[in-house]
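**Q** The structure file upload_6.txt (compact mmCIF, C-alpha atoms and all ligand atoms) is provided below.
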```txt
# COMPACT_ATOMS: atom_id res chain seq x y z
CA MET T 1 6.76 -5.22 49.58
CA SER T 2 4.01 -4.29 52.00
CA ASN T 3 2.07 -1.12 51.45
CA ASN T 4 -1.46 0.24 51.35
CA LEU T 5 -1.55 0.43 47.58
CA ASP T 6 -2.58 -2.12 44.98
CA ILE T 7 0.33 -1.60 42.61
CA THR T 8 -0.97 -4.07 40.02
CA ALA T 9 -4.22 -2.13 39.80
CA ILE T 10 -2.33 1.15 39.64
CA ARG T 11 -0.16 -0.13 36.79
CA ASN T 12 -3.32 -0.94 34.85
CA ASP T 13 -4.30 2.73 35.06
CA PHE T 14 -1.22 3.63 32.95
CA PRO T 15 -1.59 2.23 29.42
CA ILE T 16 1.96 3.22 28.42
CA LEU T 17 3.49 0.71 30.85
CA GLU T 18 2.47 -2.03 28.40
CA GLU T 19 4.78 -0.66 25.71
CA ILE T 20 7.49 -2.91 24.33
CA VAL T 21 10.84 -1.15 23.92
CA ASN T 22 13.67 -2.91 22.13
CA GLY T 23 11.82 -6.18 22.51
CA LYS T 24 11.34 -5.81 26.28
CA GLN T 25 8.50 -4.55 28.40
CA LEU T 26 9.19 -0.91 29.21
CA VAL T 27 10.71 -0.09 32.58
CA TYR T 28 10.14 3.62 33.05
CA PHE T 29 12.55 5.18 35.55
CA ASP T 30 12.60 8.72 34.18
CA ASN T 31 9.85 10.06 36.39
CA ALA T 32 11.77 13.10 37.59
CA ALA T 33 11.76 14.30 33.98
CA THR T 34 8.06 13.62 33.53
CA THR T 35 5.66 11.07 34.95
CA GLN T 36 3.34 8.93 32.88
CA LYS T 37 -0.37 9.81 32.77
CA PRO T 38 -3.21 7.64 34.03
CA LYS T 39 -6.19 6.85 31.82
CA VAL T 40 -8.45 9.30 33.72
CA VAL T 41 -6.18 12.17 32.66
CA LEU T 42 -6.04 11.01 29.03
CA ASP T 43 -9.84 10.65 29.02
CA ALA T 44 -10.30 14.13 30.48
CA ILE T 45 -8.25 15.61 27.64
CA SER T 46 -10.07 13.78 24.85
CA GLY T 47 -13.40 14.26 26.64
CA TYR T 48 -13.00 18.02 26.45
CA TYR T 49 -12.13 17.96 22.75
CA GLU T 50 -14.87 15.48 21.91
CA HIS T 51 -17.71 17.02 23.90
CA TYR T 52 -17.25 20.63 24.94
CA ASN T 53 -14.28 22.22 23.16
CA ALA T 54 -14.88 25.98 23.29
CA ASN T 55 -12.97 29.08 24.28
CA ILE T 56 -13.51 30.12 27.87
CA HIS T 57 -14.77 33.18 29.77
CA ARG T 58 -16.19 35.15 26.83
CA GLY T 59 -18.74 32.80 25.30
CA ILE T 60 -22.39 32.71 26.30
CA HIS T 61 -23.22 29.42 24.60
CA GLN T 62 -23.53 26.09 26.38
CA LEU T 63 -20.14 24.67 25.41
CA ALA T 64 -18.28 27.80 26.44
CA GLU T 65 -20.05 27.79 29.78
CA LYS T 66 -19.21 24.15 30.37
CA ALA T 67 -15.55 24.64 29.42
CA THR T 68 -15.29 27.75 31.62
CA ALA T 69 -16.79 25.94 34.59
CA ALA T 70 -14.39 22.99 34.22
CA PHE T 71 -11.43 25.34 33.76
CA GLU T 72 -12.24 27.35 36.89
CA ASP T 73 -12.98 24.15 38.78
CA SER T 74 -9.40 23.11 38.12
CA ARG T 75 -8.15 26.37 39.57
CA LYS T 76 -10.10 25.73 42.79
CA ARG T 77 -8.70 22.20 42.86
CA LEU T 78 -5.14 23.54 42.61
CA GLN T 79 -5.89 26.12 45.29
CA GLN T 80 -6.91 23.26 47.56
CA PHE T 81 -3.86 21.19 46.51
CA LEU T 82 -1.52 23.94 47.79
CA ASN T 83 -3.84 25.14 50.56
CA ALA T 84 -3.70 28.64 49.08
CA PRO T 85 -5.95 31.20 50.79
CA SER T 86 -7.76 32.20 47.60
CA PHE T 87 -8.30 31.11 43.99
CA GLU T 88 -7.06 34.52 42.85
CA GLU T 89 -3.57 33.49 43.92
CA ILE T 90 -3.47 30.58 41.46
CA ILE T 91 -2.08 31.69 38.09
CA PHE T 92 -2.05 29.19 35.23
CA THR T 93 1.34 29.00 33.49
CA TYR T 94 3.09 26.72 31.01
CA GLY T 95 5.03 25.15 33.86
CA THR T 96 7.63 25.74 36.54
CA THR T 97 10.01 27.56 34.20
CA ASP T 98 7.29 29.90 33.01
CA GLY T 99 6.23 30.73 36.58
CA ILE T 100 9.78 31.59 37.66
CA ASN T 101 10.26 33.80 34.60
CA LEU T 102 6.98 35.52 35.38
CA VAL T 103 8.16 36.46 38.87
CA ALA T 104 11.65 37.53 37.76
CA GLN T 105 10.26 39.64 34.91
CA THR T 106 7.45 41.32 36.86
CA TYR T 107 8.25 41.39 40.57
CA GLY T 108 12.00 41.43 39.91
CA ARG T 109 11.99 44.17 37.30
CA LYS T 110 9.70 46.40 39.32
CA PHE T 111 11.08 46.00 42.81
CA LEU T 112 14.80 45.13 42.48
CA LYS T 113 17.40 47.85 42.05
CA GLU T 114 21.11 48.13 41.37
CA GLY T 115 23.15 46.57 44.18
CA ASP T 116 20.28 44.43 45.47
CA GLU T 117 21.06 40.78 46.04
CA VAL T 118 19.32 37.60 44.92
CA ILE T 119 20.14 34.26 46.56
CA ILE T 120 19.77 30.89 44.87
CA SER T 121 21.44 27.55 45.69
CA ALA T 122 24.13 25.33 44.22
CA MET T 123 21.57 22.65 43.32
CA GLU T 124 19.21 24.77 41.20
CA HIS T 125 17.75 23.63 37.92
CA HIS T 126 18.74 25.96 35.06
CA SER T 127 15.19 27.29 35.11
CA ASN T 128 15.86 28.75 38.57
CA ILE T 129 19.28 30.15 37.61
CA VAL T 130 18.99 31.76 34.19
CA PRO T 131 15.89 33.95 34.82
CA TRP T 132 17.68 35.49 37.83
CA GLN T 133 20.92 35.96 35.89
CA MET T 134 18.96 37.75 33.17
CA LEU T 135 17.34 39.98 35.79
CA CYS T 136 20.62 40.69 37.59
CA GLU T 137 22.31 41.59 34.33
CA GLU T 138 19.53 43.99 33.44
CA LYS T 139 19.20 45.64 36.85
CA GLY T 140 22.76 45.47 38.15
CA CYS T 141 21.85 43.09 40.97
CA ILE T 142 24.17 40.52 42.52
CA LEU T 143 23.48 36.78 42.41
CA LYS T 144 24.70 34.73 45.38
CA VAL T 145 24.73 30.97 45.73
CA ILE T 146 24.18 28.84 48.86
CA PRO T 147 26.83 26.08 48.82
CA ILE T 148 26.19 22.40 49.59
CA ASN T 149 28.09 19.59 51.33
CA ASP T 150 29.27 16.36 49.70
CA ASP T 151 26.01 14.61 50.55
CA GLY T 152 24.09 17.24 48.59
CA GLU T 153 22.63 19.20 51.50
CA LEU T 154 22.49 22.98 51.76
CA LEU T 155 24.94 24.56 54.19
CA MET T 156 22.51 26.53 56.29
CA ASP T 157 25.20 28.47 58.19
CA GLU T 158 26.56 29.69 54.88
CA TYR T 159 23.04 30.65 53.85
CA GLU T 160 22.63 32.76 56.98
CA ALA T 161 25.97 34.43 56.31
CA LEU T 162 24.77 35.40 52.82
CA LEU T 163 21.64 37.12 54.09
CA THR T 164 21.98 40.90 54.51
CA GLU T 165 19.69 43.90 54.31
CA ARG T 166 20.57 44.01 50.61
CA THR T 167 19.01 40.56 50.06
CA LYS T 168 15.75 41.23 48.24
CA PHE T 169 14.91 37.80 46.87
CA VAL T 170 15.63 34.15 47.66
CA SER T 171 14.69 31.52 45.07
CA VAL T 172 15.43 27.89 45.90
CA VAL T 173 14.40 24.44 44.87
CA HIS T 174 12.12 22.61 47.32
CA VAL T 175 13.33 19.16 46.20
CA SER T 176 16.36 18.66 43.92
CA ASN T 177 15.72 16.86 40.65
CA SER T 178 19.34 15.66 40.39
CA LEU T 179 19.98 14.62 43.99
CA GLY T 180 16.55 14.08 45.49
CA THR T 181 17.43 16.32 48.45
CA ILE T 182 14.48 17.79 50.34
CA ASN T 183 15.56 21.25 51.44
CA PRO T 184 14.60 22.81 54.81
CA VAL T 185 12.50 25.40 53.02
CA LYS T 186 10.46 26.54 55.99
CA GLU T 187 13.62 27.64 57.78
CA ILE T 188 14.99 29.20 54.58
CA ILE T 189 11.80 31.24 54.23
CA ARG T 190 11.74 32.32 57.88
CA LYS T 191 15.34 33.53 57.74
CA ALA T 192 14.76 35.38 54.45
CA HIS T 193 11.71 37.12 55.85
CA GLU T 194 13.76 38.31 58.84
CA VAL T 195 15.79 40.48 56.46
CA GLY T 196 12.72 41.48 54.44
CA ALA T 197 13.43 39.31 51.38
CA LYS T 198 10.71 37.55 49.39
CA VAL T 199 10.98 33.82 48.64
CA LEU T 200 10.05 31.69 45.64
CA LEU T 201 10.13 27.91 45.82
CA ASP T 202 10.71 25.78 42.74
CA GLY T 203 8.23 23.00 43.48
CA ALA T 204 8.65 20.98 40.27
CA GLN T 205 9.82 17.86 42.12
CA ALA T 206 8.33 18.43 45.56
CA SER T 207 4.73 18.58 44.39
CA SER T 208 4.60 14.91 43.37
CA HIS T 209 6.19 13.54 46.55
CA LEU T 210 5.29 15.88 49.42
CA SER T 211 2.15 17.55 50.70
CA ILE T 212 2.46 21.26 50.03
CA ASP T 213 0.90 23.90 52.26
CA VAL T 214 1.86 27.39 51.10
CA GLN T 215 0.32 28.98 54.19
CA ASP T 216 2.27 26.82 56.57
CA LEU T 217 5.47 27.37 54.56
CA ASP T 218 4.66 31.09 54.33
CA CYS T 219 6.35 31.22 50.91
CA ASP T 220 5.68 34.26 48.74
CA PHE T 221 5.65 32.33 45.45
CA TYR T 222 5.46 28.63 44.55
CA SER T 223 5.93 27.37 40.98
CA LEU T 224 5.18 23.86 39.72
CA SER T 225 4.47 21.75 36.61
CA LEU T 226 1.58 19.31 36.37
CA HIS T 227 3.44 16.95 34.04
CA LYS T 228 5.54 15.76 36.98
CA ILE T 229 2.42 14.94 39.03
CA TYR T 230 0.80 12.50 36.57
CA GLY T 231 -0.78 15.43 34.73
CA PRO T 232 -0.39 16.87 31.23
CA THR T 233 2.62 18.67 29.77
CA GLY T 234 2.53 22.35 28.98
CA MET T 235 0.73 23.50 32.09
CA GLY T 236 1.60 24.48 35.61
CA ILE T 237 0.71 27.01 38.20
CA LEU T 238 2.28 29.87 40.01
CA PHE T 239 1.02 30.59 43.50
CA GLY T 240 1.71 34.12 44.69
CA LYS T 241 0.55 36.03 47.75
CA LYS T 242 -2.30 38.31 46.73
CA GLU T 243 -0.77 41.59 47.88
CA LEU T 244 2.39 40.83 45.89
CA LEU T 245 0.52 39.74 42.75
CA ASN T 246 -1.59 42.90 42.97
CA ALA T 247 1.51 45.07 43.24
CA MET T 248 3.20 43.38 40.26
CA PRO T 249 2.79 44.63 36.70
CA PRO T 250 1.35 42.19 34.14
CA TYR T 251 3.71 39.81 32.34
CA ARG T 252 2.34 39.32 28.83
CA GLY T 253 -0.15 41.67 27.21
CA GLY T 254 -3.16 40.64 25.14
CA GLY T 255 -6.71 39.40 25.42
CA GLU T 256 -8.21 38.27 28.73
CA MET T 257 -5.71 40.16 30.90
CA ILE T 258 -7.41 43.52 30.26
CA LYS T 259 -10.39 45.37 31.67
CA GLU T 260 -10.61 48.11 29.04
CA VAL T 261 -8.43 48.94 26.06
CA THR T 262 -8.19 52.26 24.22
CA PHE T 263 -5.28 53.44 22.11
CA GLU T 264 -4.43 55.90 24.86
CA LYS T 265 -4.47 53.59 27.85
CA THR T 266 -5.33 50.07 28.92
CA THR T 267 -6.55 49.04 32.34
CA TYR T 268 -5.81 45.54 33.55
CA ASN T 269 -8.04 42.73 34.66
CA GLU T 270 -8.22 41.52 38.24
CA LEU T 271 -6.36 38.55 39.66
CA PRO T 272 -5.75 35.92 38.53
CA TYR T 273 -6.66 36.93 34.95
CA LYS T 274 -4.22 39.85 34.92
CA PHE T 275 -1.46 37.27 34.38
CA GLU T 276 -3.28 35.05 31.88
CA ALA T 277 -3.07 36.74 28.49
CA GLY T 278 -4.45 34.89 25.49
CA THR T 279 -6.28 31.58 25.16
CA PRO T 280 -4.83 29.23 27.76
CA ASN T 281 -4.13 25.52 27.52
CA ILE T 282 -7.77 24.72 28.33
CA ALA T 283 -7.76 20.95 27.81
CA ASP T 284 -4.70 20.39 29.94
CA VAL T 285 -5.84 22.73 32.70
CA ILE T 286 -9.09 20.76 32.89
CA ALA T 287 -7.18 17.45 32.93
CA ALA T 288 -4.96 18.69 35.77
CA LYS T 289 -7.82 18.31 38.20
CA TYR T 290 -8.13 14.64 37.27
CA ALA T 291 -4.42 14.10 37.92
CA LEU T 292 -4.69 15.62 41.40
CA ASP T 293 -7.83 13.65 42.16
CA TYR T 294 -6.00 10.51 41.10
CA VAL T 295 -3.10 11.29 43.44
CA ASP T 296 -5.48 12.05 46.30
CA THR T 297 -7.39 8.82 45.79
CA LEU T 298 -4.16 6.89 46.33
CA GLY T 299 -3.11 9.28 49.10
CA LYS T 300 0.13 11.24 48.94
CA PRO T 301 1.49 9.77 52.19
CA ASN T 302 0.90 6.25 50.81
CA ILE T 303 2.62 7.19 47.56
CA ALA T 304 5.57 8.73 49.42
CA ALA T 305 5.94 5.72 51.71
CA TYR T 306 5.89 3.30 48.77
CA GLU T 307 8.34 5.39 46.73
CA ASN T 308 10.67 5.60 49.72
CA SER T 309 10.62 1.82 50.05
CA LEU T 310 11.57 1.56 46.35
CA LEU T 311 14.38 4.05 46.90
CA GLU T 312 15.69 2.10 49.85
CA TYR T 313 15.54 -1.18 47.95
CA ALA T 314 17.33 0.29 44.94
CA THR T 315 19.93 2.09 47.06
CA GLN T 316 20.85 -1.14 48.86
CA ALA T 317 21.08 -3.00 45.58
CA VAL T 318 23.25 -0.51 43.68
CA MET T 319 25.66 -0.24 46.60
CA GLU T 320 26.63 -3.84 45.85
CA ILE T 321 27.89 -2.79 42.43
CA GLU T 322 31.61 -2.22 42.51
CA GLY T 323 32.81 1.21 41.43
CA LEU T 324 29.35 2.72 41.66
CA LYS T 325 29.02 5.95 43.62
CA ILE T 326 25.73 7.55 44.58
CA ILE T 327 25.52 11.31 44.04
CA GLY T 328 23.09 12.78 46.54
CA LYS T 329 22.98 11.15 49.96
CA ALA T 330 20.92 13.68 51.87
CA LYS T 331 19.23 12.42 55.01
CA GLU T 332 15.97 13.88 53.71
CA LYS T 333 15.42 12.80 50.13
CA VAL T 334 12.81 11.61 47.67
CA SER T 335 12.92 8.65 45.27
CA VAL T 336 15.69 9.93 43.00
CA LEU T 337 18.79 7.77 42.63
CA SER T 338 21.68 9.45 40.83
CA PHE T 339 24.98 7.67 40.41
CA VAL T 340 28.25 7.42 38.52
CA ILE T 341 30.24 4.27 37.74
CA ASP T 342 34.05 4.31 37.67
CA GLY T 343 35.41 4.31 34.13
CA ILE T 344 32.00 4.16 32.44
CA HIS T 345 30.41 7.18 30.83
CA HIS T 346 26.84 7.89 31.91
CA GLN T 347 25.72 8.18 28.30
CA ASP T 348 26.97 4.67 27.49
CA THR T 349 25.18 3.40 30.58
CA GLY T 350 21.96 5.02 29.37
CA VAL T 351 22.25 3.59 25.87
CA LEU T 352 22.90 0.05 27.11
CA LEU T 353 20.01 0.24 29.57
CA ASP T 354 17.73 1.53 26.82
CA GLN T 355 18.66 -1.51 24.73
CA GLN T 356 17.21 -3.54 27.57
CA GLY T 357 13.99 -1.50 27.61
CA ILE T 358 14.95 0.51 30.70
CA ALA T 359 14.42 4.26 30.51
CA VAL T 360 16.69 6.30 32.77
CA ARG T 361 18.02 9.82 32.38
CA THR T 362 21.70 10.52 31.87
CA GLY T 363 23.62 13.78 31.73
CA HIS T 364 23.53 16.98 33.74
CA HIS T 365 19.76 17.03 34.38
CA CYS T 366 19.64 20.79 33.68
CA THR T 367 21.94 21.36 36.67
CA GLN T 368 25.37 21.96 35.12
CA PRO T 369 26.74 24.04 38.04
CA LEU T 370 25.75 21.23 40.41
CA MET T 371 27.59 18.66 38.29
CA ARG T 372 30.65 20.92 38.36
CA ARG T 373 30.40 21.03 42.17
CA PHE T 374 30.81 17.24 42.18
CA ASN T 375 33.52 17.34 39.49
CA ILE T 376 31.47 15.24 37.09
CA THR T 377 29.85 15.90 33.73
CA GLY T 378 26.69 14.02 34.54
CA THR T 379 25.08 11.07 36.28
CA THR T 380 22.76 8.21 35.50
CA ARG T 381 19.49 8.91 37.25
CA ALA T 382 16.73 6.46 38.06
CA SER T 383 13.70 8.14 39.58
CA PHE T 384 10.74 6.17 40.89
CA ALA T 385 7.00 6.75 40.79
CA VAL T 386 4.04 5.00 42.32
CA TYR T 387 3.64 2.50 39.44
CA ASN T 388 7.22 1.19 39.67
CA THR T 389 8.08 -2.12 41.33
CA THR T 390 11.00 -3.93 42.96
CA ALA T 391 10.91 -6.39 40.04
CA GLU T 392 11.66 -3.47 37.74
CA ILE T 393 14.51 -2.40 40.02
CA ASP T 394 15.87 -5.96 39.76
CA ARG T 395 15.91 -5.52 35.99
CA LEU T 396 17.84 -2.27 36.41
CA ILE T 397 20.40 -3.99 38.62
CA GLN T 398 20.80 -6.84 36.12
CA GLY T 399 21.13 -4.21 33.42
CA LEU T 400 23.87 -2.42 35.33
CA HIS T 401 25.78 -5.68 35.80
CA LYS T 402 25.59 -6.16 32.05
CA VAL T 403 26.85 -2.59 31.51
CA LYS T 404 29.78 -3.35 33.84
CA LYS T 405 30.59 -6.57 32.02
CA MET T 406 30.55 -4.90 28.62
CA LEU T 407 32.32 -1.65 29.49
CA GLY T 408 33.90 -1.96 32.92
C1 LIG T 501 11.47 19.80 35.77
C2 LIG T 501 12.02 20.83 36.67
C3 LIG T 501 11.96 22.20 36.35
C4 LIG T 501 11.41 22.70 35.03
O1 LIG T 501 10.08 22.34 34.85
P1 LIG T 501 9.39 22.61 33.44
O2 LIG T 501 8.14 21.82 33.49
O3 LIG T 501 10.36 22.12 32.41
O4 LIG T 501 9.16 24.08 33.34
C5 LIG T 501 12.45 23.10 37.25
N1 LIG T 501 12.97 22.70 38.41
C6 LIG T 501 13.04 21.42 38.76
C7 LIG T 501 13.59 21.05 40.10
C8 LIG T 501 12.57 20.43 37.90
O5 LIG T 501 12.66 19.15 38.25
```
Could you rewrite the structure in this file as structure tokens?

**A**
Amino acid sequence: MSNNLDITAIRNDFPILEEIVNGKQLVYFDNAATTQKPKVVLDAISGYYEHYNANIHRGIHQLAEKATAAFEDSRKRLQQFLNAPSFEEIIFTYGTTDGINLVAQTYGRKFLKEGDEVIISAMEHHSNIVPWQMLCEEKGCILKVIPINDDGELLMDEYEALLTERTKFVSVVHVSNSLGTINPVKEIIRKAHEVGAKVLLDGAQASSHLSIDVQDLDCDFYSLSLHKIYGPTGMGILFGKKELLNAMPPYRGGGEMIKEVTFEKTTYNELPYKFEAGTPNIADVIAAKYALDYVDTLGKPNIAAYENSLLEYATQAVMEIEGLKIIGKAKEKVSVLSFVIDGIHHQDTGVLLDQQGIAVRTGHHCTQPLMRRFNITGTTRASFAVYNTTAEIDRLIQGLHKVKKMLG
């Protein structure tokens, strides 16, 4: 397959791809759950612990200064990654879920009142449903859901019909983890702003496939996880517009997020530290920069083009399998291939593929309402990253034929 990337060289950057699983070389197609990490990221993590492990911001010794500089460097790198206007708008979190909860529990609790409406979509991950349900239950707000068509695309007319002057918040997924759909988020944001609502985008999937420009999108909040962009687990960022972050109360209380503490009253630190109580995940924040540098060295457009060619190849191939139905056929989609096979349970498919060393995800993918929309309990999902190959897809197809022979 022609592309601008040296896939063999790229594969060598990921030591885990050499693993033998059930006697076969690993084929890793569970990238929408988490991507593998290149050696530069692994080295950045161990390099911190081996050479300059120290707590940040408060120390005056050499190691603390070095760790602080690397930590803040990562923040600037993430600012650049999202084209955010300032580093103060980049809050370190534990991941996408944590960032969404932060916004619901601070912005939501302060600014939403009884009878206000929150809009999400039918294809949300549980992490962009439950925090809003918790908020709505507490405040007496109403949760509304944008429906989708059978291809897995949002019905934009229905979205417009849901928007009223009572709409205070819209929180939607940029790219669906179950379907691969890329949503028209710029239009969603523009329409929400027309009625005065704020918008959060769940960028967990989008950030590894698309270039993100929060100024161009004009989103109010953007939440993502680094572990889906070749970075470490347990860290992510929340972008928020400065005037909103400044107006929001803090989330967690503790060290670092304060300016001055007395037993009578505490004053809070400035952005972004106001939202970063306690010792953060220093090693992984530092390593995040190396993940983004790695992605930029390859070039996101090159990665996206290659992944799209893998998706196309795999889509053609699975369509030859009798009784197989693809779930998620949006015109705009990323390299996520979800499917069901007549008469064969997705879990059995997953187990039999695993026996052949092929890692896919099966089940509801943390989107139970979406599965209900399609009248299924789950799918088998193969999701592709830059280190995957058509030869690996051939193994998946062979594997599926074997599944059909054994269970079909
Ligand atoms: C993975 C994912 C999340 C949750 O991310 P965490 O890293 O588990 O917090 C949310 N939304 C989507 C679309 C995802 O793919």

**Q** What do you get as a compact mmCIF listing (two decimals) with C-alpha atoms, in the frame of the given file if you pick all residues at most 8 Å from ligand LIG 501 (chain T), counting only C-alpha atoms and all ligand atoms?

**A**
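Wrote part_26.txt, looks like this:
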```txt
# COMPACT_ATOMS: atom_id res chain seq x y z
CA ALA T 32 11.77 13.10 37.59
CA ALA T 33 11.76 14.30 33.98
CA THR T 34 8.06 13.62 33.53
CA TYR T 94 3.09 26.72 31.01
CA GLY T 95 5.03 25.15 33.86
CA THR T 96 7.63 25.74 36.54
CA THR T 97 10.01 27.56 34.20
CA ASP T 98 7.29 29.90 33.01
CA GLY T 99 6.23 30.73 36.58
CA GLU T 124 19.21 24.77 41.20
CA HIS T 125 17.75 23.63 37.92
CA HIS T 126 18.74 25.96 35.06
CA SER T 127 15.19 27.29 35.11
CA ASN T 128 15.86 28.75 38.57
CA VAL T 173 14.40 24.44 44.87
CA HIS T 174 12.12 22.61 47.32
CA VAL T 175 13.33 19.16 46.20
CA SER T 176 16.36 18.66 43.92
CA ASN T 177 15.72 16.86 40.65
CA SER T 178 19.34 15.66 40.39
CA ASP T 202 10.71 25.78 42.74
CA GLY T 203 8.23 23.00 43.48
CA ALA T 204 8.65 20.98 40.27
CA GLN T 205 9.82 17.86 42.12
CA LEU T 224 5.18 23.86 39.72
CA SER T 225 4.47 21.75 36.61
CA LEU T 226 1.58 19.31 36.37
CA HIS T 227 3.44 16.95 34.04
CA LYS T 228 5.54 15.76 36.98
CA THR T 233 2.62 18.67 29.77
CA GLY T 234 2.53 22.35 28.98
CA MET T 235 0.73 23.50 32.09
CA GLY T 236 1.60 24.48 35.61
```

**Q** If I take atom CA of T:Glu270 and atom CA of T:Ser86, how far is one from the other in Å, to one decimal?

**A**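 About the pair atom CA of T:Glu270 and atom CA of T:Ser86: they are 13.2 Å apart.
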
**Q** Can you tell me, as AutoDock Vina command-line options, the centre and edge lengths (Å, one decimal) of the axis-aligned box enclosing all of stretch 341-356 of chain T's listed atoms after padding each side by 8 Å?

**A**
```
--center_x 26.3 --center_y 2.3 --center_z 31.2 --size_x 34.2 --size_y 27.7 --size_z 29.0
```

**Q** Using all atoms listed in the file, pick whichever of T:Lys333, T:Lys289, T:Lys405, T:His61 has the shortest atom-to-atom distance to T:Phe81.

**A** T:Lys289

**Q** Find the residues with any atom within 12 Å of (26.1, 37.3, 47.9); use all atoms listed in the file and the coordinates as given in the file, and write the answer as a ChimeraX atom specification.

**A** /T:115-121,141-147,158-170

**Q** Just to confirm, what's the straight-line distance from atom CA of T:Glu256 to atom CA of T:Ala277 in Å (one decimal)?

**A**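 These two atoms are separated by 5.4 Å.
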
**Q** Compile the contact shell of T:Ile321 as a PDB file with C-alpha atoms, in the frame of the given file: residues with an atom at most 10 Å away, counting only C-alpha atoms, same-chain residues fewer than 3 positions apart removed.

**A**
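Produced file out_3.pdb, reproduced below:
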```
ATOM      1  CA  GLN T 316      20.850  -1.140  48.860  1.00  0.00           C
ATOM      2  CA  ALA T 317      21.080  -3.000  45.580  1.00  0.00           C
ATOM      3  CA  VAL T 318      23.250  -0.510  43.680  1.00  0.00           C
ATOM      4  CA  LEU T 324      29.350   2.720  41.660  1.00  0.00           C
ATOM      5  CA  LYS T 325      29.020   5.950  43.620  1.00  0.00           C
ATOM      6  CA  ILE T 341      30.240   4.270  37.740  1.00  0.00           C
ATOM      7  CA  ILE T 397      20.400  -3.990  38.620  1.00  0.00           C
ATOM      8  CA  LEU T 400      23.870  -2.420  35.330  1.00  0.00           C
ATOM      9  CA  HIS T 401      25.780  -5.680  35.800  1.00  0.00           C
ATOM     10  CA  LYS T 404      29.780  -3.350  33.840  1.00  0.00           C
TER      11      LYS T 404
END
```

**Q** Counting all atoms listed in the file, which residue out of T:Met156, T:Ile282, T:Val403, T:Ala382 sits closest to T:Ile45?

**A**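 Using all atoms listed in the file, the shortest distance to T:Ile45 belongs to T:Ile282.
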
**Q** Quick one: distance from atom CA of T:Ile229 to atom CA of T:Asn31 in Å, one decimal?

**A**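 Straight-line distance from atom CA of T:Ile229 to atom CA of T:Asn31 works out to 9.3 Å.
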
**Q** At a cut-off of 7 Å from (17.2, 43.7, 38.9) in the coordinates of the file, what residues are picked up using all atoms listed in the file, written as number ranges by chain?

**A** T: 108-109, 112-114, 135-136, 138-141

**Q** Give the answer as one residue: which of T:Ile20, T:Leu292, T:Leu201, T:Ala206 has the shortest atom-to-atom distance to T:Pro38, using all atoms listed in the file?

**A**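 Nearest to T:Pro38: T:Leu292.
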
**Q** Using all atoms listed in the file, which of T:Met406, T:Phe374, T:Ala283, T:His364 sits nearest T:Asp348?

**A** T:Met406

**Q** Near T:Val103, within 12 Å and counting all atoms listed in the file, which residues show up once chain neighbours fewer than 6 positions away are dropped, as a ChimeraX atom specification?

**A** /T:91,93,96-97,109-112,128,131-132,135,169-171,198-202,220-223,238-241,244-245,247-252,275

**Q** Need to verify the contact set: T:Met371, 10 Å, all atoms listed in the file, exclusion of same-chain residues closer than 5 positions in sequence. Can you return it as a ChimeraX atom specification?

**A** /T:122-123,178,327,363-366,376-379

**Q** May I ask which of the residues T:Gln133, T:Asn101, T:His57, T:Leu310 is the closest one to T:Tyr387, counting only C-alpha atoms?

**A**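 The answer is T:Leu310, which sits nearest to T:Tyr387.
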
**Q** I'd like the contact shell of T:Asn388 - 10 Å cut-off, all atoms listed in the file, skipping same-chain residues fewer than 4 positions apart - returned as a list of chain:residue names.

**A**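 Contacts, with the query itself left out: T:Ile7, T:Thr8, T:Ile10, T:Arg11, T:Leu17, T:Val27, T:Tyr28, T:Phe29, T:Asn31, T:Tyr306, T:Glu307, T:Leu310, T:Ser383, T:Phe384, T:Glu392, T:Ile393.
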
**Q** Find the residue from T:Leu102, T:Ser338, T:Glu89, T:Phe71 that sits nearest to T:Asn246; use only C-alpha atoms when measuring.

**A** T:Glu89

**Q** Quick one: residues within 12 Å of T:Asp216, all atoms listed in the file counted, chain neighbours fewer than 3 positions away excluded, as a PDB file with C-alpha atoms, in the frame of the given file?

**A**
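Dumped everything to part-v8.pdb:
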```
ATOM      1  CA  LEU T  82      -1.520  23.940  47.790  1.00  0.00           C
ATOM      2  CA  ASN T  83      -3.840  25.140  50.560  1.00  0.00           C
ATOM      3  CA  ALA T  84      -3.700  28.640  49.080  1.00  0.00           C
ATOM      4  CA  PRO T  85      -5.950  31.200  50.790  1.00  0.00           C
ATOM      5  CA  VAL T 185      12.500  25.400  53.020  1.00  0.00           C
ATOM      6  CA  LYS T 186      10.460  26.540  55.990  1.00  0.00           C
ATOM      7  CA  GLU T 187      13.620  27.640  57.780  1.00  0.00           C
ATOM      8  CA  ILE T 189      11.800  31.240  54.230  1.00  0.00           C
ATOM      9  CA  ARG T 190      11.740  32.320  57.880  1.00  0.00           C
ATOM     10  CA  SER T 211       2.150  17.550  50.700  1.00  0.00           C
ATOM     11  CA  ILE T 212       2.460  21.260  50.030  1.00  0.00           C
ATOM     12  CA  ASP T 213       0.900  23.900  52.260  1.00  0.00           C
ATOM     13  CA  CYS T 219       6.350  31.220  50.910  1.00  0.00           C
ATOM     14  CA  ASP T 220       5.680  34.260  48.740  1.00  0.00           C
TER      15      ASP T 220
END
```
